[in-house]
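Structure below is input-v5.txt: compact mmCIF, C-alpha atoms and all ligand atoms.
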# COMPACT_ATOMS: atom_id res chain seq x y z
CA MET F 697 67.53 115.65 101.88
CA ILE F 698 65.72 117.95 104.33
CA SER F 699 65.99 115.97 107.55
CA SER F 700 69.36 114.78 108.82
CA PRO F 701 70.15 111.20 107.93
CA VAL F 702 71.89 110.80 111.31
CA VAL F 703 69.65 109.39 114.03
CA GLU F 704 70.95 109.08 117.58
CA THR F 705 69.26 106.78 120.06
CA PRO F 706 70.26 105.62 123.56
CA ALA F 707 71.37 102.04 124.10
CA ARG F 708 73.25 100.05 126.68
CA LEU F 709 74.83 96.71 127.37
CA LYS F 710 72.56 94.62 129.57
CA ASP F 711 73.58 91.10 130.54
CA GLY F 712 75.79 90.84 127.47
CA VAL F 713 73.07 91.97 125.07
CA ILE F 714 72.84 95.35 123.35
CA ALA F 715 69.53 96.75 124.61
CA THR F 716 68.29 99.50 122.30
CA THR F 717 65.65 102.10 123.05
CA MET F 718 64.63 102.07 119.40
CA ALA F 719 62.96 98.81 118.35
CA ARG F 720 65.27 96.62 116.33
CA ALA F 721 62.77 96.52 113.46
CA GLU F 722 62.87 100.32 113.32
CA ILE F 723 66.68 100.31 113.19
CA VAL F 724 66.52 97.95 110.20
CA GLU F 725 63.86 100.07 108.51
CA ARG F 726 65.81 103.30 108.99
CA VAL F 727 69.17 101.86 107.91
CA MET F 728 68.15 99.56 105.08
CA ALA F 729 65.03 101.20 103.63
CA ARG F 730 65.74 104.89 104.33
CA GLY F 731 69.55 104.78 104.19
CA GLU F 732 69.89 106.58 107.53
CA LEU F 733 72.82 106.28 109.90
CA VAL F 734 71.61 105.05 113.28
CA ILE F 735 73.98 105.72 116.16
CA LEU F 736 73.41 103.60 119.24
CA LYS F 737 74.73 105.91 121.95
CA GLY F 738 76.79 104.78 124.90
CA VAL F 739 76.63 101.01 124.48
CA PHE F 740 80.11 100.22 125.77
CA PRO F 741 81.47 102.06 128.82
CA ASP F 742 84.63 104.14 128.34
CA GLU F 743 86.65 101.89 130.67
CA MET F 744 85.67 98.82 128.67
CA ALA F 745 86.38 100.39 125.29
CA THR F 746 89.72 101.70 126.52
CA ALA F 747 90.70 98.34 128.02
CA ILE F 748 89.91 96.62 124.70
CA LYS F 749 91.97 99.11 122.71
CA THR F 750 94.89 98.87 125.13
CA ALA F 751 94.88 95.06 125.22
CA VAL F 752 94.83 94.82 121.43
CA ALA F 753 97.63 97.37 121.02
CA ASP F 754 99.71 95.48 123.59
CA TRP F 755 99.05 92.19 121.82
CA GLY F 756 100.16 93.73 118.54
CA ARG F 757 103.42 95.02 119.99
CA GLY F 758 104.35 91.44 120.87
CA ILE F 759 103.84 90.06 117.36
CA ASP F 760 105.45 91.10 114.09
CA PRO F 761 103.07 92.90 111.72
CA ALA F 762 101.89 90.64 108.89
CA GLU F 763 102.97 91.30 105.31
CA VAL F 764 99.92 89.58 103.81
CA ASP F 765 96.38 88.95 105.01
CA ASP F 766 95.61 85.73 106.82
CA PHE F 767 91.86 85.37 106.55
CA ALA F 768 91.88 82.29 108.79
CA GLY F 769 94.00 83.60 111.64
CA ASN F 770 94.75 86.40 114.06
CA TYR F 771 97.16 89.04 112.79
CA HIS F 772 97.77 92.73 112.56
CA ARG F 773 98.97 94.71 109.61
CA ARG F 774 100.24 98.24 109.03
CA ARG F 775 98.80 99.52 105.81
CA VAL F 776 100.15 102.29 103.61
CA HIS F 777 98.48 101.32 100.39
CA VAL F 778 96.35 102.28 97.47
CA ALA F 779 93.53 99.76 97.07
CA ARG F 780 94.07 98.01 93.76
CA ILE F 781 90.58 98.13 92.27
CA GLN F 782 89.01 101.20 93.90
CA GLN F 783 92.29 103.17 94.00
CA ALA F 784 91.54 104.35 97.54
CA PRO F 785 94.70 105.39 99.41
CA HIS F 786 94.80 104.55 103.09
CA VAL F 787 97.06 104.63 106.14
CA PHE F 788 95.94 102.60 109.12
CA HIS F 789 96.79 99.65 111.35
CA ASP F 790 94.30 96.82 111.54
CA TYR F 791 94.02 93.98 114.02
CA ASN F 792 92.13 90.95 112.78
CA PHE F 793 90.65 88.17 114.88
CA ASN F 794 89.42 85.45 112.57
CA GLU F 795 90.23 82.77 115.13
CA LEU F 796 89.12 84.20 118.47
CA GLY F 797 89.42 80.78 120.11
CA ALA F 798 93.17 80.66 119.43
CA LEU F 799 93.94 83.91 121.26
CA PRO F 800 95.49 84.01 124.74
CA ALA F 801 92.73 83.46 127.33
CA GLU F 802 93.08 86.94 128.77
CA LEU F 803 92.72 88.67 125.42
CA GLN F 804 89.75 86.47 124.52
CA ALA F 805 88.13 87.42 127.81
CA THR F 806 88.61 91.08 126.85
CA LEU F 807 87.38 90.77 123.25
CA ARG F 808 84.39 88.44 123.58
CA PRO F 809 82.35 90.91 125.68
CA LEU F 810 82.68 93.27 122.69
CA PHE F 811 82.22 90.88 119.79
CA GLU F 812 79.58 88.51 121.25
CA PRO F 813 77.03 91.32 121.75
CA LEU F 814 77.84 92.60 118.26
CA ARG F 815 77.28 89.12 116.86
CA GLU F 816 73.90 88.85 118.57
CA LEU F 817 72.83 92.28 117.32
CA TYR F 818 74.13 91.65 113.82
CA ASN F 819 72.25 88.36 113.54
CA ALA F 820 69.08 89.99 114.82
CA LEU F 821 69.28 92.91 112.38
CA THR F 822 70.25 90.90 109.29
CA ALA F 823 68.58 87.51 109.91
CA HIS F 824 72.00 85.94 109.37
CA ASP F 825 73.36 83.35 111.78
CA VAL F 826 77.05 84.21 111.92
CA GLN F 827 79.32 82.21 114.19
CA PHE F 828 82.91 82.77 115.22
CA GLN F 829 84.14 79.90 113.10
CA ILE F 830 85.19 79.48 109.50
CA PRO F 831 82.85 77.43 107.31
CA ALA F 832 84.09 75.13 104.53
CA THR F 833 82.58 77.52 101.97
CA GLY F 834 80.79 80.86 102.02
CA PRO F 835 81.10 84.11 103.92
CA TYR F 836 82.01 84.47 107.58
CA VAL F 837 82.54 87.27 110.02
CA HIS F 838 85.92 89.02 110.46
CA PRO F 839 86.10 90.75 113.85
CA GLN F 840 88.50 93.64 113.53
CA LEU F 841 89.88 96.71 115.25
CA ILE F 842 91.22 99.53 113.12
CA HIS F 843 93.61 102.16 114.44
CA TYR F 844 93.92 105.44 112.54
CA PRO F 845 97.16 106.71 114.06
CA SER F 846 97.55 110.35 115.04
CA GLY F 847 99.67 112.17 112.50
CA GLY F 848 97.96 111.07 109.32
CA GLY F 849 95.80 107.95 109.55
CA PHE F 850 92.97 108.03 107.00
CA PHE F 851 91.03 105.97 104.46
CA ALA F 852 89.89 107.55 101.19
CA ARG F 853 86.48 107.13 99.68
CA HIS F 854 85.51 103.55 98.81
CA TRP F 855 82.53 101.24 98.89
CA HIS F 856 81.47 97.64 99.43
CA ASN F 857 78.88 95.31 98.00
CA LEU F 858 75.60 95.36 99.91
CA SER F 859 75.45 91.56 99.97
CA PRO F 860 76.05 89.52 102.05
CA GLN F 861 76.88 92.11 104.72
CA LYS F 862 73.68 94.24 104.44
CA LEU F 863 74.68 96.61 107.26
CA GLY F 864 77.89 97.53 109.03
CA PHE F 865 78.91 98.47 112.56
CA ILE F 866 81.51 101.09 113.45
CA VAL F 867 82.17 100.94 117.18
CA SER F 868 84.11 103.90 118.54
CA LEU F 869 86.83 102.82 120.98
CA SER F 870 88.54 106.15 121.66
CA ARG F 871 87.56 109.56 122.93
CA ARG F 872 87.97 112.70 120.86
CA GLY F 873 89.97 115.34 122.72
CA ARG F 874 91.64 112.78 124.94
CA ASP F 875 92.82 109.94 122.69
CA PHE F 876 92.77 111.74 119.36
CA ARG F 877 92.31 115.24 118.07
CA ASN F 878 90.22 114.77 114.95
CA GLY F 879 89.12 112.41 112.21
CA GLY F 880 85.91 110.51 111.60
CA THR F 881 83.83 108.60 109.11
CA CYS F 882 82.03 110.40 106.30
CA PHE F 883 79.32 109.00 104.06
CA GLU F 884 77.72 110.09 100.85
CA ILE F 885 73.96 109.69 101.13
CA ASP F 886 71.61 110.94 98.42
CA GLY F 887 74.40 113.06 96.97
CA GLN F 888 75.15 114.78 100.30
CA VAL F 889 78.30 114.40 102.38
CA VAL F 890 77.44 113.38 105.93
CA ASP F 891 80.27 113.76 108.45
CA THR F 892 79.64 111.67 111.58
CA GLU F 893 82.70 112.86 113.51
CA ALA F 894 80.72 115.09 115.86
CA HIS F 895 78.08 112.42 116.44
CA GLN F 896 80.19 109.45 117.45
CA GLU F 897 81.61 109.26 120.94
CA ILE F 898 83.49 106.44 122.63
CA GLY F 899 81.30 103.36 123.15
CA ASP F 900 78.79 104.27 120.42
CA ILE F 901 77.87 101.92 117.59
CA LEU F 902 77.17 103.48 114.21
CA VAL F 903 74.91 101.26 112.08
CA TRP F 904 74.98 101.96 108.35
CA ARG F 905 73.80 100.52 105.11
CA TYR F 906 76.80 98.74 103.62
CA ASP F 907 76.63 100.14 100.09
CA HIS F 908 76.97 103.80 101.12
CA HIS F 909 80.18 105.28 99.76
CA HIS F 910 82.31 106.25 102.75
CA TRP F 911 85.75 107.45 103.86
CA VAL F 912 87.67 108.34 107.00
CA THR F 913 89.09 111.84 107.33
CA GLN F 914 92.76 112.28 108.08
CA SER F 915 94.03 112.71 111.61
CA ASP F 916 95.93 115.87 112.35
CA LEU F 917 99.34 116.07 110.66
CA ARG F 918 100.64 118.33 113.44
CA ASP F 919 100.76 115.23 115.65
CA LYS F 920 103.66 112.83 115.53
CA PHE F 921 103.05 109.68 113.54
CA ASP F 922 104.23 106.58 115.41
CA TRP F 923 103.15 103.03 114.51
CA THR F 924 103.97 101.81 118.01
CA SER F 925 101.83 104.41 119.82
CA ASP F 926 98.14 103.92 120.76
CA ALA F 927 97.46 107.58 119.98
CA GLY F 928 94.76 108.11 117.41
CA ARG F 929 91.29 106.98 116.62
CA TRP F 930 90.28 103.36 117.17
CA VAL F 931 87.17 101.57 115.94
CA ALA F 932 85.89 98.02 115.89
CA THR F 933 84.12 96.59 112.86
CA PHE F 934 82.29 93.40 112.01
CA ALA F 935 82.88 92.63 108.34
CA TYR F 936 81.12 89.64 106.81
CA PHE F 937 82.58 88.34 103.54
CA ASP F 938 84.02 85.32 101.78
CA PRO F 939 87.71 85.92 101.03
CA LYS F 940 87.50 83.19 98.40
CA GLY F 941 84.32 84.61 96.87
FE FE F 1001 84.86 100.45 104.18

Could you render the structure as structure tokens?
Amino acid sequence: MISSPVVETPARLKDGVIATTMARAEIVERVMARGELVILKGVFPDEMATAIKTAVADWGRGIDPAEVDDFAGNYHRRRVHVARIQQAPHVFHDYNFNELGALPAELQATLRPLFEPLRELYNALTAHDVQFQIPATGPYVHPQLIHYPSGGGFFARHWHNLSPQKLGFIVSLSRRGRDFRNGGTCFEIDGQVVDTEAHQEIGDILVWRYDHHHWVTQSDLRDKFDWTSDAGRWVATFAYFDPKG
């Protein structure tokens, strides 16, 4: 590939909607037809992203980590696993909000200004109509924060089905140099490795075609690993799947 598959474009949050400089139809065209990575720069202010990360970490410290996934509820889980089918090793801490309405009011009031704009954008880009509720059958959205702790958080190469998700969001909720030293998402596109670490800053949304193979590079092993610390790289994602499917 001659031109870079990473496209950066300014965006901002305006009245609870993600206003993009690039037309939404062009984002879809670039991501889905050309396989490019479109980074919507500066959507969420640093203070907002940091407040979200801090509130979620605090919430997690008050609740025991789950041992199994609860695809209908709110839970967090510390993972040191090798994925069974894809054999992808990973070390991270995820926070899952399948039942936003059941969260404490204060945490809901912190999370909805993140996830409602993502929902609106996701529906617009995919022509889905996802809601924050669990249907009797079929896929639904799984709002999630993932923390790659300093001292060795990572996620080895893996992939997902294109359908029904179509495209994914990776929202950066921490600042390199302040909150974490290194680590970022890499993709393989047309046989080339594309490292987005230098492109994604706090508050940015990376939009990517969901069947790109991808991985998350390891945070620096010189740093102390501590499950109870906020230190490290945090992202929010918006996965759409049927756990029974
Ligand atoms: Fe993934």

Exercise. Using only C-alpha atoms, determine which residues lie at most 9 Å from Gly712 of chain F, disregarding the query and same-chain residues fewer than 5 positions distant; provide the list as a list in words.
Key: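 The neighbour list is Pro809, Leu810, Glu812 and Pro813 of chain F.
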
For ligand FE 1001 (chain F), collect every residue having any atom at a distance of at most 7 Å from a ligand atom (counting all atoms listed in the file); output as a ChimeraX atom specification.
-> /F:854-856,910

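Residue nearest Tyr844 of chain F within the list F:Asp742, F:Asp790, F:Asp938, F:Asp900: F:Asp790 [criterion: smallest interatomic distance, all atoms listed in the file].
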
I want to know what sits within 6 Å of Gly847 of chain F, based on only C-alpha atoms, with residues of the same chain fewer than 5 positions away left out; could you give that as a ChimeraX atom specification?
/F:915-917,919-921

Non-local contacts of Ile901 of chain F (9 Å; all atoms listed in the file; under 4 positions in same chain excluded) as a PyMOL selection string
chain F and resi 734-740+865-868+896-897

Grab all the atoms of segment 867-883 of chain F that the file lists, wrap them in a box along x, y and z, add 8 Å per side, and give me centre plus edge lengths in Å (one decimal) as JSON.
{"center_x": 86.1, "center_y": 108.1, "center_z": 114.5, "size_x": 29.5, "size_y": 30.4, "size_z": 36.9}

Between atom CA of Gly873 of chain F and atom CA of Arg708 of chain F lies a distance of 23.0 Å

Query - Surrounding residues of Tyr791 of chain F excluding itself and chain neighbours under 4 positions, 10 Å, only C-alpha atoms, as a PyMOL selection string - result: chain F and resi 752-753+755-756+761-762+770-774+839-843+932

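Non-sequential neighbours of Val778 of chain F (distance at most 10 Å, separation of 6 or more positions within a chain, only C-alpha atoms) are Ala784, Pro785, His786, Val787, Phe851 and Ala852 of chain F.
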
Restricting the output to C-alpha atoms, write the selected residues as a PDB file, in the frame of the given file.
ATOM      1  CA  ALA F 784      91.540 104.350  97.540  1.00  0.00           C
ATOM      2  CA  PRO F 785      94.700 105.390  99.410  1.00  0.00           C
ATOM      3  CA  HIS F 786      94.800 104.550 103.090  1.00  0.00           C
ATOM      4  CA  VAL F 787      97.060 104.630 106.140  1.00  0.00           C
ATOM      5  CA  PHE F 851      91.030 105.970 104.460  1.00  0.00           C
ATOM      6  CA  ALA F 852      89.890 107.550 101.190  1.00  0.00           C
TER       7      ALA F 852
END

Counting only C-alpha atoms, the option among F:Asp760, F:Leu709, F:Ser699, F:Ala768 closest to Ala832 of chain F: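 For Ala832 of chain F, the nearest of the candidates is F:Ala768.
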